[in-house]
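Reviewing the structure listed below.
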Amino acid sequence: MKMPLSPRLALLALLTLPLAACEGTGLPGFGAQDDPQAEGHRGPPSVSPLEAPIETGAAEARAVATAEAQTHNTAAFSARGNEPFWAVDVAGNTAIYKTPSNQRGQAIRVNRLTFAEGVEYIGVLGGRPFTVNIRAAECRDSMSGDRFPMTATLTVSGRSERGCAGPATAEVAQAVAATRAPAPAAPRATA
């Protein structure tokens, strides 16, 4: 003959099951107490992520991509390329794009994006994407032989042209930053 469990005994049995499952899991008050506690991070990092890579905390330390310091720390750039000839001066949210047919240049409103290998300025010219990508890699002008500390890739109307770049002079940076670029036109509605 089986005896039914009393409600108190049934409740006690149900409460002990989860506690028994915690044996050896390292929960406070359960299992081995001789495991040292891992100390967490305290305060801000001691160095800039531009100077030392951020670690992921994985078992095998792997560096996380951070901003490239030379381009990240430059506020204004002058870039140029040959065949076809082009020049772009960028400061703040304005780029001045020059070609042989437009030597005064056209002001374009741009946004700056920083990425692991450099910076990129993105805008719209004639309803199409306009981008200037600048990376910290030495460059030699294909015609003059001049050396520059950075490379540039200009993309206008779907065509990409390579060139060289460097920090803009203070005068150029001030002139470009003082120029107000018009807002890009709204996209045309398709029928």
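Each chain in the structure tokens gets a letter, A, B and so on, in the order shown; residues start at 1 in every chain, and ligands are counted from 1 in the order they appear.
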Can you pull out every residue within 6 Å of segment 84-93 of chain A, counting only C-alpha atoms, but drop anything in the same chain fewer than 5 positions away, and send it as number ranges by chain? A: 76-79, 98-99, 109-111, 173, 176-177
Save out the residues we just selected, N, CA and C atoms, as a short mmCIF file (atom, residue, chain, number, x, y, z; two decimals), in the first residue's frame.
```cif
data_model
loop_
_atom_site.label_atom_id
_atom_site.label_comp_id
_atom_site.auth_asym_id
_atom_site.auth_seq_id
_atom_site.Cartn_x
_atom_site.Cartn_y
_atom_site.Cartn_z
N ALA A 76 41.65 67.98 -41.86
CA ALA A 76 41.41 68.46 -43.23
C ALA A 76 42.43 67.82 -44.16
N PHE A 77 41.99 67.50 -45.38
CA PHE A 77 42.85 66.81 -46.36
C PHE A 77 42.84 67.53 -47.70
N SER A 78 43.95 67.36 -48.42
CA SER A 78 44.04 67.76 -49.82
C SER A 78 44.44 66.50 -50.58
N ALA A 79 43.65 66.17 -51.60
CA ALA A 79 43.91 64.97 -52.40
C ALA A 79 43.91 65.36 -53.87
N LYS A 98 37.59 69.78 -57.74
CA LYS A 98 38.07 70.54 -58.89
C LYS A 98 38.50 69.60 -60.01
N THR A 99 38.20 70.04 -61.25
CA THR A 99 38.63 69.33 -62.46
C THR A 99 39.16 70.38 -63.42
N ARG A 109 28.47 68.90 -49.90
CA ARG A 109 28.29 68.57 -48.48
C ARG A 109 28.64 67.10 -48.29
N VAL A 110 29.51 66.80 -47.30
CA VAL A 110 29.96 65.43 -47.06
C VAL A 110 29.85 65.10 -45.57
N ASN A 111 29.84 63.82 -45.30
CA ASN A 111 29.91 63.29 -43.93
C ASN A 111 31.17 62.46 -43.82
N ALA A 173 42.37 74.60 -45.27
CA ALA A 173 41.37 74.07 -44.33
C ALA A 173 40.38 75.14 -43.92
N VAL A 176 38.04 76.05 -46.98
CA VAL A 176 37.05 75.01 -47.27
C VAL A 176 36.00 74.97 -46.17
N ALA A 177 36.43 75.03 -44.91
CA ALA A 177 35.47 74.98 -43.80
C ALA A 177 34.52 76.18 -43.82
#
```
Between atom CA of Gly163 of chain A and atom CA of Arg128 of chain A, distance in Å (one decimal): 20.6 Å
Could you list, as a ChimeraX atom specification, every residue within 10 Å of Val124 of chain A, counting only C-alpha atoms and ignoring same-chain residues fewer than 2 positions away? /A:108-110,122,126-131,156-157,183-185
Dump N, CA, C and O atoms for the selected residues as a short mmCIF file (atom, residue, chain, number, x, y, z; two decimals), in the first residue's frame?
```cif
data_model
loop_
_atom_site.label_atom_id
_atom_site.label_comp_id
_atom_site.auth_asym_id
_atom_site.auth_seq_id
_atom_site.Cartn_x
_atom_site.Cartn_y
_atom_site.Cartn_z
N ILE A 108 30.64 70.47 -52.11
CA ILE A 108 29.78 69.32 -51.89
C ILE A 108 29.69 69.07 -50.39
O ILE A 108 30.72 69.02 -49.71
N ARG A 109 28.47 68.90 -49.90
CA ARG A 109 28.29 68.57 -48.48
C ARG A 109 28.64 67.10 -48.29
O ARG A 109 28.13 66.24 -49.01
N VAL A 110 29.51 66.80 -47.30
CA VAL A 110 29.96 65.43 -47.06
C VAL A 110 29.85 65.10 -45.57
O VAL A 110 29.80 65.98 -44.73
N ILE A 122 31.66 61.08 -47.58
CA ILE A 122 30.59 60.63 -48.46
C ILE A 122 29.60 61.77 -48.68
O ILE A 122 29.17 62.41 -47.71
N GLY A 126 25.31 65.63 -58.25
CA GLY A 126 24.45 65.35 -59.40
C GLY A 126 23.55 64.15 -59.19
O GLY A 126 23.28 63.41 -60.13
N GLY A 127 23.13 63.92 -57.96
CA GLY A 127 22.24 62.80 -57.66
C GLY A 127 22.93 61.46 -57.55
O GLY A 127 22.29 60.44 -57.39
N ARG A 128 24.26 61.43 -57.65
CA ARG A 128 25.02 60.18 -57.57
C ARG A 128 26.00 60.25 -56.41
O ARG A 128 26.40 61.33 -55.99
N PRO A 129 26.43 59.11 -55.87
CA PRO A 129 27.37 59.12 -54.75
C PRO A 129 28.71 59.76 -55.11
O PRO A 129 29.23 59.59 -56.21
N PHE A 130 29.23 60.52 -54.16
CA PHE A 130 30.54 61.15 -54.27
C PHE A 130 31.30 60.73 -53.02
O PHE A 130 30.84 60.97 -51.90
N THR A 131 32.43 60.04 -53.18
CA THR A 131 33.20 59.60 -52.02
C THR A 131 34.69 59.88 -52.23
O THR A 131 35.20 59.79 -53.35
N VAL A 156 33.28 59.24 -58.31
CA VAL A 156 32.30 60.20 -58.79
C VAL A 156 31.53 59.55 -59.93
O VAL A 156 32.15 59.01 -60.86
N SER A 157 30.22 59.60 -59.86
CA SER A 157 29.35 59.03 -60.92
C SER A 157 29.71 57.59 -61.25
O SER A 157 29.73 57.19 -62.41
N ALA A 183 22.76 71.64 -49.65
CA ALA A 183 22.23 70.32 -49.31
C ALA A 183 21.98 69.54 -50.60
O ALA A 183 21.63 70.13 -51.62
N PRO A 184 22.19 68.23 -50.59
CA PRO A 184 21.94 67.45 -51.79
C PRO A 184 20.46 67.51 -52.15
O PRO A 184 19.59 67.59 -51.29
N ALA A 185 20.18 67.47 -53.44
CA ALA A 185 18.80 67.49 -53.92
C ALA A 185 18.10 66.19 -53.52
O ALA A 185 18.72 65.14 -53.41
#
```
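When only C-alpha atoms are used to compute distances to Arg180 of chain A, the closest of the residues A:Thr114, A:Ser144, A:Thr94, A:Gln70 turns out to be A:Thr94.
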Do you know which residues are at most 12 Å from Ala136 of chain A counting only C-alpha atoms, after dropping those on the same chain fewer than 6 positions away, and could you put them as a short mmCIF file (atom, residue, chain, number, x, y, z; two decimals) with all heavy atoms, in the first residue's frame?
```cif
data_model
loop_
_atom_site.label_atom_id
_atom_site.label_comp_id
_atom_site.auth_asym_id
_atom_site.auth_seq_id
_atom_site.Cartn_x
_atom_site.Cartn_y
_atom_site.Cartn_z
N ALA A 67 40.57 52.67 -35.13
CA ALA A 67 40.85 53.71 -36.11
C ALA A 67 42.35 53.87 -36.32
O ALA A 67 43.13 53.81 -35.39
CB ALA A 67 40.24 55.02 -35.65
N GLU A 68 42.73 54.11 -37.56
CA GLU A 68 44.13 54.37 -37.89
C GLU A 68 44.44 55.80 -37.43
O GLU A 68 43.73 56.74 -37.77
CB GLU A 68 44.31 54.20 -39.41
CG GLU A 68 45.74 54.24 -39.88
CD GLU A 68 46.27 55.65 -39.93
OE1 GLU A 68 45.56 56.55 -40.40
OE2 GLU A 68 47.40 55.85 -39.47
N ALA A 69 45.49 55.97 -36.64
CA ALA A 69 45.77 57.23 -35.94
C ALA A 69 46.08 58.40 -36.87
O ALA A 69 45.59 59.51 -36.65
CB ALA A 69 46.91 57.03 -34.96
N GLN A 70 46.88 58.21 -37.90
CA GLN A 70 47.31 59.33 -38.75
C GLN A 70 46.13 60.00 -39.44
O GLN A 70 45.99 61.22 -39.41
CB GLN A 70 48.33 58.86 -39.78
CG GLN A 70 48.88 59.99 -40.63
CD GLN A 70 49.90 59.50 -41.65
OE1 GLN A 70 50.07 58.31 -41.86
NE2 GLN A 70 50.59 60.42 -42.27
N THR A 71 45.26 59.23 -40.06
CA THR A 71 44.11 59.82 -40.73
C THR A 71 43.05 60.27 -39.73
O THR A 71 42.41 61.30 -39.92
CB THR A 71 43.47 58.84 -41.74
OG1 THR A 71 43.16 57.63 -41.06
CG2 THR A 71 44.40 58.57 -42.89
N HIS A 72 42.88 59.52 -38.66
CA HIS A 72 41.89 59.87 -37.64
C HIS A 72 42.20 61.23 -37.01
O HIS A 72 41.29 62.01 -36.73
CB HIS A 72 41.83 58.78 -36.56
CG HIS A 72 40.83 59.06 -35.48
ND1 HIS A 72 39.49 58.93 -35.69
CD2 HIS A 72 40.99 59.48 -34.21
CE1 HIS A 72 38.85 59.25 -34.58
NE2 HIS A 72 39.74 59.58 -33.67
N ASN A 73 43.47 61.52 -36.80
CA ASN A 73 43.88 62.76 -36.14
C ASN A 73 44.04 63.93 -37.10
O ASN A 73 44.40 65.02 -36.67
CB ASN A 73 45.18 62.54 -35.37
CG ASN A 73 44.98 61.59 -34.21
OD1 ASN A 73 43.91 61.53 -33.63
ND2 ASN A 73 46.01 60.81 -33.91
N THR A 74 43.79 63.74 -38.37
CA THR A 74 43.88 64.83 -39.35
C THR A 74 42.47 65.35 -39.62
O THR A 74 41.57 64.58 -39.95
CB THR A 74 44.52 64.32 -40.66
OG1 THR A 74 45.82 63.78 -40.34
CG2 THR A 74 44.67 65.44 -41.67
N PHE A 77 41.99 67.50 -45.38
CA PHE A 77 42.85 66.81 -46.36
C PHE A 77 42.84 67.53 -47.70
O PHE A 77 41.87 68.18 -48.06
CB PHE A 77 42.33 65.39 -46.60
CG PHE A 77 42.38 64.50 -45.40
CD1 PHE A 77 41.27 64.39 -44.57
CD2 PHE A 77 43.51 63.78 -45.09
CE1 PHE A 77 41.30 63.57 -43.46
CE2 PHE A 77 43.55 62.96 -43.98
CZ PHE A 77 42.44 62.85 -43.16
N PHE A 115 37.20 54.56 -40.25
CA PHE A 115 37.23 53.10 -40.23
C PHE A 115 38.65 52.65 -39.91
O PHE A 115 39.53 53.47 -39.69
CB PHE A 115 36.71 52.51 -41.55
CG PHE A 115 37.52 52.86 -42.77
CD1 PHE A 115 38.41 51.96 -43.30
CD2 PHE A 115 37.37 54.10 -43.38
CE1 PHE A 115 39.15 52.28 -44.43
CE2 PHE A 115 38.10 54.42 -44.50
CZ PHE A 115 39.00 53.51 -45.02
N ALA A 116 38.87 51.37 -39.83
CA ALA A 116 40.14 50.83 -39.33
C ALA A 116 41.35 51.30 -40.13
O ALA A 116 42.42 51.46 -39.57
CB ALA A 116 40.09 49.31 -39.31
N GLU A 117 41.22 51.53 -41.42
CA GLU A 117 42.39 51.85 -42.24
C GLU A 117 42.45 53.30 -42.70
O GLU A 117 43.34 53.68 -43.43
CB GLU A 117 42.41 50.92 -43.46
CG GLU A 117 42.56 49.47 -43.06
CD GLU A 117 42.42 48.54 -44.25
OE1 GLU A 117 42.45 49.01 -45.40
OE2 GLU A 117 42.27 47.34 -44.00
N GLY A 118 41.48 54.13 -42.31
CA GLY A 118 41.51 55.52 -42.73
C GLY A 118 40.19 56.22 -42.50
O GLY A 118 39.45 55.90 -41.57
N VAL A 119 39.91 57.19 -43.36
CA VAL A 119 38.65 57.93 -43.29
C VAL A 119 38.02 57.99 -44.68
O VAL A 119 38.70 57.82 -45.69
CB VAL A 119 38.84 59.38 -42.75
CG1 VAL A 119 39.32 59.36 -41.32
CG2 VAL A 119 39.77 60.18 -43.63
N GLU A 120 36.72 58.22 -44.70
CA GLU A 120 36.02 58.35 -45.97
C GLU A 120 35.01 59.48 -45.83
O GLU A 120 34.33 59.59 -44.82
CB GLU A 120 35.32 57.05 -46.34
CG GLU A 120 34.72 57.07 -47.72
CD GLU A 120 34.38 55.68 -48.22
OE1 GLU A 120 33.42 55.08 -47.70
OE2 GLU A 120 35.07 55.20 -49.12
N PHE A 148 53.67 61.59 -50.94
CA PHE A 148 52.60 61.99 -50.04
C PHE A 148 52.45 60.93 -48.96
O PHE A 148 52.71 59.75 -49.21
CB PHE A 148 51.28 62.14 -50.80
CG PHE A 148 51.27 63.28 -51.77
CD1 PHE A 148 51.77 63.12 -53.06
CD2 PHE A 148 50.77 64.51 -51.40
CE1 PHE A 148 51.77 64.16 -53.95
CE2 PHE A 148 50.77 65.57 -52.29
CZ PHE A 148 51.27 65.40 -53.57
N PRO A 149 51.98 61.31 -47.76
CA PRO A 149 51.85 60.33 -46.67
C PRO A 149 50.62 59.44 -46.78
O PRO A 149 50.50 58.46 -46.05
CB PRO A 149 51.77 61.21 -45.42
CG PRO A 149 51.19 62.50 -45.90
CD PRO A 149 51.71 62.68 -47.30
N MET A 150 49.69 59.77 -47.69
CA MET A 150 48.44 59.02 -47.77
C MET A 150 48.02 58.77 -49.21
O MET A 150 48.44 59.49 -50.10
CB MET A 150 47.32 59.80 -47.06
CG MET A 150 47.61 60.10 -45.62
SD MET A 150 46.46 61.33 -44.97
CE MET A 150 47.36 61.87 -43.53
N THR A 151 47.19 57.76 -49.39
CA THR A 151 46.59 57.49 -50.70
C THR A 151 45.14 57.96 -50.68
O THR A 151 44.53 58.06 -49.61
CB THR A 151 46.61 55.99 -51.06
OG1 THR A 151 45.86 55.29 -50.08
CG2 THR A 151 48.02 55.46 -51.13
N ALA A 152 44.59 58.23 -51.85
CA ALA A 152 43.19 58.65 -51.95
C ALA A 152 42.54 57.92 -53.10
O ALA A 152 43.17 57.63 -54.12
CB ALA A 152 43.11 60.16 -52.18
N THR A 153 41.27 57.62 -52.93
CA THR A 153 40.45 57.08 -54.01
C THR A 153 39.20 57.93 -54.10
O THR A 153 38.46 58.06 -53.12
CB THR A 153 40.06 55.61 -53.75
OG1 THR A 153 41.25 54.84 -53.56
CG2 THR A 153 39.26 55.04 -54.90
N CYS A 164 46.83 60.65 -54.61
CA CYS A 164 47.58 60.82 -53.37
C CYS A 164 46.93 61.90 -52.51
O CYS A 164 46.19 62.74 -53.01
CB CYS A 164 49.02 61.23 -53.68
SG CYS A 164 49.94 59.99 -54.64
N ALA A 165 47.23 61.87 -51.21
CA ALA A 165 46.63 62.84 -50.29
C ALA A 165 47.59 63.15 -49.16
O ALA A 165 48.56 62.44 -48.92
CB ALA A 165 45.32 62.31 -49.73
N GLY A 166 47.27 64.22 -48.47
CA GLY A 166 48.02 64.62 -47.29
C GLY A 166 47.20 65.62 -46.49
O GLY A 166 46.12 66.05 -46.94
N PRO A 167 47.67 66.01 -45.32
CA PRO A 167 46.96 67.01 -44.54
C PRO A 167 46.90 68.33 -45.32
O PRO A 167 47.87 68.73 -45.95
CB PRO A 167 47.80 67.16 -43.28
CG PRO A 167 48.61 65.90 -43.20
CD PRO A 167 48.85 65.48 -44.62
#
```
For Ala107 of chain A, find every residue with an atom within 7 Å (counting only C-alpha atoms), except residues of its own chain fewer than 5 positions away, and show them as a VMD selection string. chain A and resid 94 to 97 181
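Here atom CA of Val132 of chain A is placed at a distance of 4.6 Å from atom CA of Leu154 of chain A.
As for atom CA of Asn82 of chain A and atom CA of Ser142 of chain A, they are spaced 7.2 Å apart.
Distance check against Thr155 of chain A using only C-alpha atoms: of A:Cys139, A:Leu125, A:Ala75, A:Ala170, the minimum falls on A:Leu125.
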